[in-house]
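Content type compact mmCIF, C-alpha atoms, from the file model.txt:
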```txt
# COMPACT_ATOMS: atom_id res chain seq x y z
CA MET A 1 17.51 -5.82 -14.48
CA LYS A 2 15.83 -8.32 -12.15
CA SER A 3 12.10 -8.83 -12.18
CA TYR A 4 10.11 -8.00 -9.05
CA LYS A 5 9.43 -11.69 -8.37
CA THR A 6 13.10 -12.61 -8.70
CA LEU A 7 14.21 -9.77 -6.44
CA LYS A 8 11.50 -10.54 -3.87
CA LYS A 9 12.48 -14.21 -3.78
CA GLN A 10 16.14 -13.31 -3.35
CA LEU A 11 15.43 -10.79 -0.57
CA LEU A 12 13.14 -13.17 1.32
CA GLU A 13 15.98 -15.66 1.63
CA ASP A 14 17.38 -13.35 4.32
CA LYS A 15 15.77 -14.42 7.63
CA GLU A 16 15.53 -10.87 9.03
CA ILE A 17 13.90 -9.53 5.87
CA LYS A 18 11.53 -12.51 5.76
CA LYS A 19 10.47 -11.91 9.37
CA ALA A 20 9.86 -8.20 8.75
CA TYR A 21 7.89 -9.07 5.61
CA ASP A 22 5.79 -11.66 7.43
CA ASP A 23 5.15 -9.26 10.31
CA LEU A 24 3.57 -6.81 7.84
CA GLU A 25 1.19 -9.37 6.35
CA PRO A 26 -1.95 -8.09 8.15
CA GLU A 27 -1.31 -4.55 6.91
CA PHE A 28 -0.84 -5.76 3.34
CA ILE A 29 -3.98 -7.91 3.49
CA LEU A 30 -5.99 -4.93 4.75
CA ALA A 31 -4.57 -2.67 2.05
CA LYS A 32 -5.36 -5.23 -0.64
CA MET A 33 -8.97 -5.59 0.54
CA ILE A 34 -9.49 -1.83 0.55
CA ILE A 35 -7.95 -1.39 -2.90
CA GLU A 36 -10.07 -4.22 -4.34
CA LYS A 37 -13.30 -2.81 -2.84
CA ARG A 38 -12.50 0.72 -4.01
CA ILE A 39 -11.70 -0.37 -7.57
CA LYS A 40 -14.73 -2.69 -7.74
CA GLN A 41 -16.92 0.29 -6.87
CA GLY A 42 -15.20 2.44 -9.49
CA LEU A 43 -13.89 4.94 -6.96
CA SER A 44 -10.64 6.84 -7.22
CA GLN A 45 -8.58 7.46 -4.11
CA LYS A 46 -9.76 11.06 -4.19
CA GLU A 47 -13.42 10.02 -4.37
CA LEU A 48 -13.03 7.58 -1.48
CA ALA A 49 -11.26 10.27 0.54
CA GLU A 50 -14.14 12.68 -0.06
CA LYS A 51 -16.66 10.08 1.13
CA ILE A 52 -14.63 9.58 4.31
CA GLY A 53 -13.98 13.26 4.88
CA THR A 54 -10.22 13.19 4.39
CA LYS A 55 -7.67 13.91 1.65
CA GLN A 56 -6.38 11.61 -1.10
CA PRO A 57 -2.87 11.27 0.42
CA ALA A 58 -4.45 9.63 3.49
CA ILE A 59 -5.98 6.96 1.24
CA ALA A 60 -2.66 6.49 -0.56
CA ARG A 61 -0.93 5.92 2.81
CA LEU A 62 -3.66 3.50 3.87
CA GLU A 63 -3.38 1.55 0.63
CA SER A 64 0.42 1.42 0.86
CA GLY A 65 0.11 -0.87 3.86
CA THR A 66 2.53 1.24 5.87
CA TYR A 67 -0.03 3.43 7.64
CA ASN A 68 -1.49 2.43 11.00
CA PRO A 69 -5.11 3.64 10.79
CA SER A 70 -7.31 4.24 13.80
CA MET A 71 -10.44 2.18 14.36
CA LEU A 72 -12.51 5.26 13.59
CA PHE A 73 -10.75 5.69 10.24
CA LEU A 74 -11.31 2.01 9.40
CA LYS A 75 -15.00 2.32 10.34
CA LYS A 76 -15.36 5.37 8.08
CA THR A 77 -13.58 3.55 5.28
CA ALA A 78 -15.81 0.50 5.60
CA LYS A 79 -18.92 2.68 5.60
CA ALA A 80 -17.71 4.63 2.54
CA LEU A 81 -17.16 1.30 0.75
CA ASN A 82 -20.62 0.03 1.76
CA SER A 83 -18.94 -2.71 3.77
CA ALA A 84 -18.89 -4.00 7.30
CA LEU A 85 -15.74 -3.98 9.38
CA HIS A 86 -14.93 -7.28 11.10
CA ILE A 87 -11.84 -7.81 13.24
CA SER A 88 -10.78 -11.17 14.58
CA PHE A 89 -7.93 -12.95 16.26
CA ASP A 90 -7.06 -16.43 15.06
```
What does the file become when written as C-alpha cells?
Amino acid sequence: MKSYKTLKKQLLEDKEIKKAYDDLEPEFILAKMIIEKRIKQGLSQKELAEKIGTKQPAIARLESGTYNPSMLFLKKTAKALNSALHISFD
C-alpha cells in the first residue's frame, strides 16, 4: 500500500490533477486556519457549531475545504473563534 505522500506526489504529476489541486488552495488554507483555531481553543466541531448557531455537519463540511461558505457564515465563524476576518487579493 502506498503512503499518502507517495500517492499525492504521483497524482500531482498529472497536469489536470495538479491544476485542480492548485485551484483549491485557498479553500484548503481557510480550512486549515479554522481547524487550527478551533483546536487551539479546545473546541470540538459540535461546540463551534453551537457557538455559530448551526449543526456539526456544517463545520465538518467547512473544515473539509470543499464547502463554499457565505460571508455571513465566515463572519460568524470568526466571531465564534474570537478572531477577525480579513480578506485580501494579492
Practice prompt. Just give me the residues with any atom within 12 Å of (-11.0, 13.0, 0.1), file coordinates, counting all atoms listed in the file, written as a list of chain:residue names.
Written response: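 Protein, DNA and RNA residues close to (-11.0, 13.0, 0.1): A:Leu43, A:Ser44, A:Gln45, A:Lys46, A:Glu47, A:Leu48, A:Ala49, A:Glu50, A:Lys51, A:Ile52, A:Gly53, A:Thr54, A:Lys55, A:Gln56, A:Pro57, A:Ala58, A:Ile59, A:Ala60, A:Lys76, A:Thr77, A:Ala80.
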Limited to C-alpha atoms, could you put the picked residues into a file as an mmCIF file, keeping the file's coordinate frame?
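The result, stored in result_9.cif:
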```
data_model
loop_
_atom_site.group_PDB
_atom_site.id
_atom_site.type_symbol
_atom_site.label_atom_id
_atom_site.label_comp_id
_atom_site.auth_asym_id
_atom_site.auth_seq_id
_atom_site.Cartn_x
_atom_site.Cartn_y
_atom_site.Cartn_z
ATOM 1 C CA LEU A 43 -13.890 4.940 -6.960
ATOM 2 C CA SER A 44 -10.640 6.840 -7.220
ATOM 3 C CA GLN A 45 -8.580 7.460 -4.110
ATOM 4 C CA LYS A 46 -9.760 11.060 -4.190
ATOM 5 C CA GLU A 47 -13.420 10.020 -4.370
ATOM 6 C CA LEU A 48 -13.030 7.580 -1.480
ATOM 7 C CA ALA A 49 -11.260 10.270 0.540
ATOM 8 C CA GLU A 50 -14.140 12.680 -0.060
ATOM 9 C CA LYS A 51 -16.660 10.080 1.130
ATOM 10 C CA ILE A 52 -14.630 9.580 4.310
ATOM 11 C CA GLY A 53 -13.980 13.260 4.880
ATOM 12 C CA THR A 54 -10.220 13.190 4.390
ATOM 13 C CA LYS A 55 -7.670 13.910 1.650
ATOM 14 C CA GLN A 56 -6.380 11.610 -1.100
ATOM 15 C CA PRO A 57 -2.870 11.270 0.420
ATOM 16 C CA ALA A 58 -4.450 9.630 3.490
ATOM 17 C CA ILE A 59 -5.980 6.960 1.240
ATOM 18 C CA ALA A 60 -2.660 6.490 -0.560
ATOM 19 C CA LYS A 76 -15.360 5.370 8.080
ATOM 20 C CA THR A 77 -13.580 3.550 5.280
ATOM 21 C CA ALA A 80 -17.710 4.630 2.540
#
```
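In this structure, CA of Glu36 (chain A) sits 12.4 Å away from CA of Ala78 (chain A).
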Worksheet item: Counting all atoms listed in the file, which of A:Phe73, A:Glu63, A:Lys2, A:Leu12 gets nearest to Arg38 (chain A)?
Response: A:Glu63
Item to complete: Find the distance between CA of Phe89 (chain A) and CA of Lys9 (chain A) and write it in Å to one decimal.
Response: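 Here the two named atoms are 28.6 Å from each other.
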Worksheet entry | Selected residue of minimal separation from Met33 (chain A) among A:Ser3, A:Asn68, A:Ser83, A:Gln10, counting all atoms listed in the file |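 Smallest distance to Met33 (chain A) is found for A:Ser83.
Computed from the coordinates, the CA of Ala20 (chain A) to CA of Ser64 (chain A) distance equals 15.6 Å.
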Item to complete: For each of A:Lys15, A:Glu25, A:Asp90, A:Tyr4, take the minimum atom-to-atom distance to Gly65 (chain A), counting all atoms listed in the file, then give the residue where this is smallest.
Response: A:Glu25
Item to complete: Find the residue from A:Leu30, A:Gly42, A:Tyr67, A:Leu24 that sits nearest to Ile87 (chain A); use all atoms listed in the file when measuring.
Response: A:Leu30
